[in-house]
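Peer 1: Just my_file.pdb, nothing more (PDB, C-alpha atoms):
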ATOM      1  CA  MET A   1      -2.121 -28.415 -33.516
ATOM      2  CA  LYS A   2      -1.260 -30.678 -30.607
ATOM      3  CA  HIS A   3       0.052 -29.267 -27.305
ATOM      4  CA  SER A   4       1.852 -31.354 -24.777
ATOM      5  CA  ARG A   5       1.768 -31.035 -21.033
ATOM      6  CA  ARG A   6       5.410 -29.953 -21.118
ATOM      7  CA  THR A   7       4.613 -27.065 -23.498
ATOM      8  CA  PHE A   8       1.763 -25.967 -21.255
ATOM      9  CA  LEU A   9       3.910 -26.033 -18.099
ATOM     10  CA  ILE A  10       6.719 -24.094 -19.771
ATOM     11  CA  SER A  11       4.249 -21.473 -21.009
ATOM     12  CA  ALA A  12       2.523 -21.214 -17.627
ATOM     13  CA  THR A  13       5.845 -20.825 -15.808
ATOM     14  CA  GLY A  14       6.906 -18.097 -18.227
ATOM     15  CA  ALA A  15       3.624 -16.240 -17.804
ATOM     16  CA  ALA A  16       3.812 -16.453 -13.998
ATOM     17  CA  SER A  17       7.376 -15.134 -14.047
ATOM     18  CA  ALA A  18       6.370 -12.231 -16.281
ATOM     19  CA  LEU A  19       3.480 -11.315 -13.961
ATOM     20  CA  ALA A  20       5.726 -11.428 -10.897
ATOM     21  CA  ALA A  21       8.326  -9.233 -12.599
ATOM     22  CA  ALA A  22       5.663  -6.739 -13.677
ATOM     23  CA  ARG A  23       4.266  -6.523 -10.135
ATOM     24  CA  PHE A  24       7.761  -5.981  -8.720
ATOM     25  CA  ALA A  25       8.490  -3.287 -11.313
ATOM     26  CA  PHE A  26       5.180  -1.575 -10.552
ATOM     27  CA  ALA A  27       5.918  -1.516  -6.820
ATOM     28  CA  GLN A  28       9.416  -0.183  -7.445
ATOM     29  CA  GLY A  29       8.006   2.592  -9.641
ATOM     30  CA  SER A  30       5.674   3.866  -6.914
ATOM     31  CA  ALA A  31       6.499   7.202  -5.345
ATOM     32  CA  PRO A  32       6.130   8.059  -1.663
ATOM     33  CA  LEU A  33       2.886   9.841  -0.811
ATOM     34  CA  SER A  34       3.453  13.473   0.114
ATOM     35  CA  GLU A  35       1.494  15.126   2.909
ATOM     36  CA  SER A  36       0.908  17.994   0.450
ATOM     37  CA  ASP A  37      -0.936  15.732  -2.025
ATOM     38  CA  PRO A  38      -4.552  17.007  -2.285
ATOM     39  CA  GLN A  39      -6.087  13.609  -1.473
ATOM     40  CA  ALA A  40      -3.649  13.134   1.416
ATOM     41  CA  GLN A  41      -4.593  16.550   2.807
ATOM     42  CA  ALA A  42      -8.311  15.794   2.513
ATOM     43  CA  LEU A  43      -7.821  12.618   4.563
ATOM     44  CA  GLY A  44      -5.445  14.232   7.077
ATOM     45  CA  TYR A  45      -2.538  11.941   6.075
ATOM     46  CA  LYS A  46       0.613  12.312   8.156
ATOM     47  CA  THR A  47       3.805  10.301   7.717
ATOM     48  CA  ASP A  48       4.040  10.190  11.530
ATOM     49  CA  ALA A  49       0.764   9.088  13.131
ATOM     50  CA  THR A  50       1.558  10.915  16.368
ATOM     51  CA  LYS A  51       1.342  14.210  14.443
ATOM     52  CA  ALA A  52      -2.270  13.651  13.329
ATOM     53  CA  ASP A  53      -4.509  16.667  13.912
ATOM     54  CA  LYS A  54      -6.514  15.371  16.866
ATOM     55  CA  ALA A  55      -8.795  18.426  16.892
ATOM     56  CA  LYS A  56      -9.747  18.033  13.221
ATOM     57  CA  PHE A  57      -9.801  14.210  13.343
ATOM     58  CA  PRO A  58     -11.102  13.158  16.793
ATOM     59  CA  LYS A  59     -11.409   9.559  15.523
ATOM     60  CA  TYR A  60      -7.612   9.247  15.826
ATOM     61  CA  ALA A  61      -6.424   7.127  18.741
ATOM     62  CA  ALA A  62      -2.888   6.356  19.854
ATOM     63  CA  GLY A  63      -1.599   3.176  18.237
ATOM     64  CA  GLN A  64      -3.462   3.651  14.957
ATOM     65  CA  MET A  65      -1.057   3.682  12.017
ATOM     66  CA  CYS A  66      -0.980   2.636   8.383
ATOM     67  CA  GLY A  67       0.945  -0.548   9.201
ATOM     68  CA  ASN A  68      -2.003  -1.905  11.211
ATOM     69  CA  CYS A  69      -4.748  -0.591   8.898
ATOM     70  CA  GLN A  70      -6.881  -2.914   6.790
ATOM     71  CA  LEU A  71      -6.241  -0.751   3.684
ATOM     72  CA  TYR A  72      -2.431  -1.033   3.971
ATOM     73  CA  GLN A  73      -1.120  -3.605   1.506
ATOM     74  CA  GLY A  74       2.500  -3.789   2.641
ATOM     75  CA  LYS A  75       4.009  -5.784   5.468
ATOM     76  CA  PRO A  76       3.704  -4.123   8.892
ATOM     77  CA  ALA A  77       7.495  -4.250   9.330
ATOM     78  CA  ASP A  78       8.145  -2.396   6.029
ATOM     79  CA  ALA A  79       8.942   1.335   6.267
ATOM     80  CA  THR A  80       6.520   2.057   3.398
ATOM     81  CA  GLY A  81       3.934   0.141   1.425
ATOM     82  CA  PRO A  82       1.033   0.519  -0.981
ATOM     83  CA  CYS A  83      -2.413   1.580   0.203
ATOM     84  CA  SER A  84      -5.643   0.949  -1.677
ATOM     85  CA  LEU A  85      -6.649   4.608  -1.182
ATOM     86  CA  PHE A  86      -3.570   6.043  -2.891
ATOM     87  CA  PRO A  87      -2.828   4.209  -6.173
ATOM     88  CA  ASN A  88       0.800   4.288  -7.331
ATOM     89  CA  LYS A  89       1.900   5.829  -4.038
ATOM     90  CA  LEU A  90       3.638   4.387  -1.006
ATOM     91  CA  VAL A  91       2.461   5.406   2.455
ATOM     92  CA  ALA A  92       4.572   5.371   5.602
ATOM     93  CA  SER A  93       3.919   2.323   7.763
ATOM     94  CA  LYS A  94       4.003   4.622  10.793
ATOM     95  CA  GLY A  95       1.707   7.148   9.082
ATOM     96  CA  TRP A  96      -2.012   7.739   9.556
ATOM     97  CA  CYS A  97      -5.075   9.087   7.728
ATOM     98  CA  SER A  98      -8.731   9.489   8.645
ATOM     99  CA  ALA A  99      -9.704   6.406   6.599
ATOM    100  CA  TRP A 100      -7.873   4.121   9.046
ATOM    101  CA  VAL A 101      -9.732   0.824   9.631
ATOM    102  CA  LYS A 102      -8.628  -1.766  12.182
ATOM    103  CA  LYS A 103      -7.053  -4.767  10.496
ATOM    104  CA  ALA A 104      -9.205  -7.869  10.908
TER     105      ALA A 104
END
Please lay out the structure from this file as structure tokens.
Peer 2:
Amino acid sequence: MKHSRRTFLISATGAASALAAARFAFAQGSAPLSESDPQAQALGYKTDATKADKAKFPKYAAGQMCGNCQLYQGKPADATGPCSLFPNKLVASKGWCSAWVKKA
């Protein structure tokens, strides 16, 4: 069975398109993270960083928010985005949790 370069390129383009569509569909199927989620509660997640419990989480400092965290996988300008700590959930860009790490 002989394969040509054209066949390879057509197959590769089709596979890349399918992967991109699957990633887009996965992101669209993600639900917003609720502050009542058990993991979110354990990490002190708030959709508004200014409402973080400063007594319980003294590590919090003004200006820290999901959008400028190393774990945040969305664009800083997006209202919500994925976070590596909360699979299949979208966190608020202006939110905060105790796992916040300064973006490099």
Peer 1: Which is closer to Ala40 in chain A than all the others in A:Ala92, A:Phe86, A:Ala104, A:Tyr60, using only C-alpha atoms?
Peer 2: A:Phe86
Peer 1: Interatomic distance between CA of Pro82 in chain A and CA of Gly95 in chain A?
Peer 2: 12.1 Å
Peer 1: Grab the CA of Val91 in chain A to CA of Pro58 in chain A distance for me, in Å with one decimal place.
Peer 2: 21.2 Å
Peer 1: Which one of A:Gln73, A:Trp96, A:Lys103, A:Lys89 sits closest to Lys54 in chain A if you count all atoms listed in the file?
Peer 2: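 Closest residue, counting all atoms listed in the file: A:Trp96.
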Peer 1: Measuring atom to atom with all atoms listed in the file, identify which of A:Val101, A:Ala61, A:Leu33, A:Leu90 is nearest to Tyr45 in chain A.
Peer 2: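 Distance minimum relative to Tyr45 in chain A lands on A:Leu33.
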Peer 1: Could you spell out the hits of the PyMOL selection byres ((chain A and resi 98) around 8) on the shown file, as number ranges by chain?
Peer 2: A: 43-45, 57, 59-60, 96-97, 99-100
Peer 1: Please compute the CA of Asp78 in chain A-CA of Lys94 in chain A distance, one decimal, in Å.
Peer 2: 9.4 Å
Peer 1: Pull out every residue that the PyMOL selection byres ((chain A and resi 69) around 8) matches in the shown coordinates and put them as JSON, numbers by chain.
Peer 2: {"A": [64, 65, 66, 67, 68, 70, 71, 72, 100, 101, 102, 103]}
Peer 1: Identify which of the residues A:Glu35, A:Leu85, A:Thr80, A:Gly74 lies closest to Lys51 in chain A, counting only C-alpha atoms when measuring atom-to-atom distances.
Peer 2: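 Of all the options, A:Glu35 lies closest to Lys51 in chain A.
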Peer 1: Just checking: using only C-alpha atoms, which residue out of A:Pro87, A:Gln41, A:Pro32, A:Ala77 ends up closest to Asp53 in chain A?
Peer 2: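 Once distances to Asp53 in chain A are computed over only C-alpha atoms, the minimum belongs to A:Gln41.
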Peer 1: Tell me which of A:Ala62, A:Cys83, A:Ala42, A:Ala49 sits closest to Ser30 in chain A, counting all atoms listed in the file.
Peer 2: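 Ranking A:Ala62, A:Cys83, A:Ala42, A:Ala49 by distance to Ser30 in chain A, first place goes to A:Cys83.
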Peer 1: Calculate, to one decimal in Å, the centre and edge lengths of the box along x, y and z of the file that holds all listed atoms of range 41-55 of chain A with 4 Å of margin on each side, and present them as AutoDock Vina command-line options.
Peer 2:
--center_x -2.4 --center_y 13.8 --center_z 9.7 --size_x 20.8 --size_y 17.3 --size_z 22.4
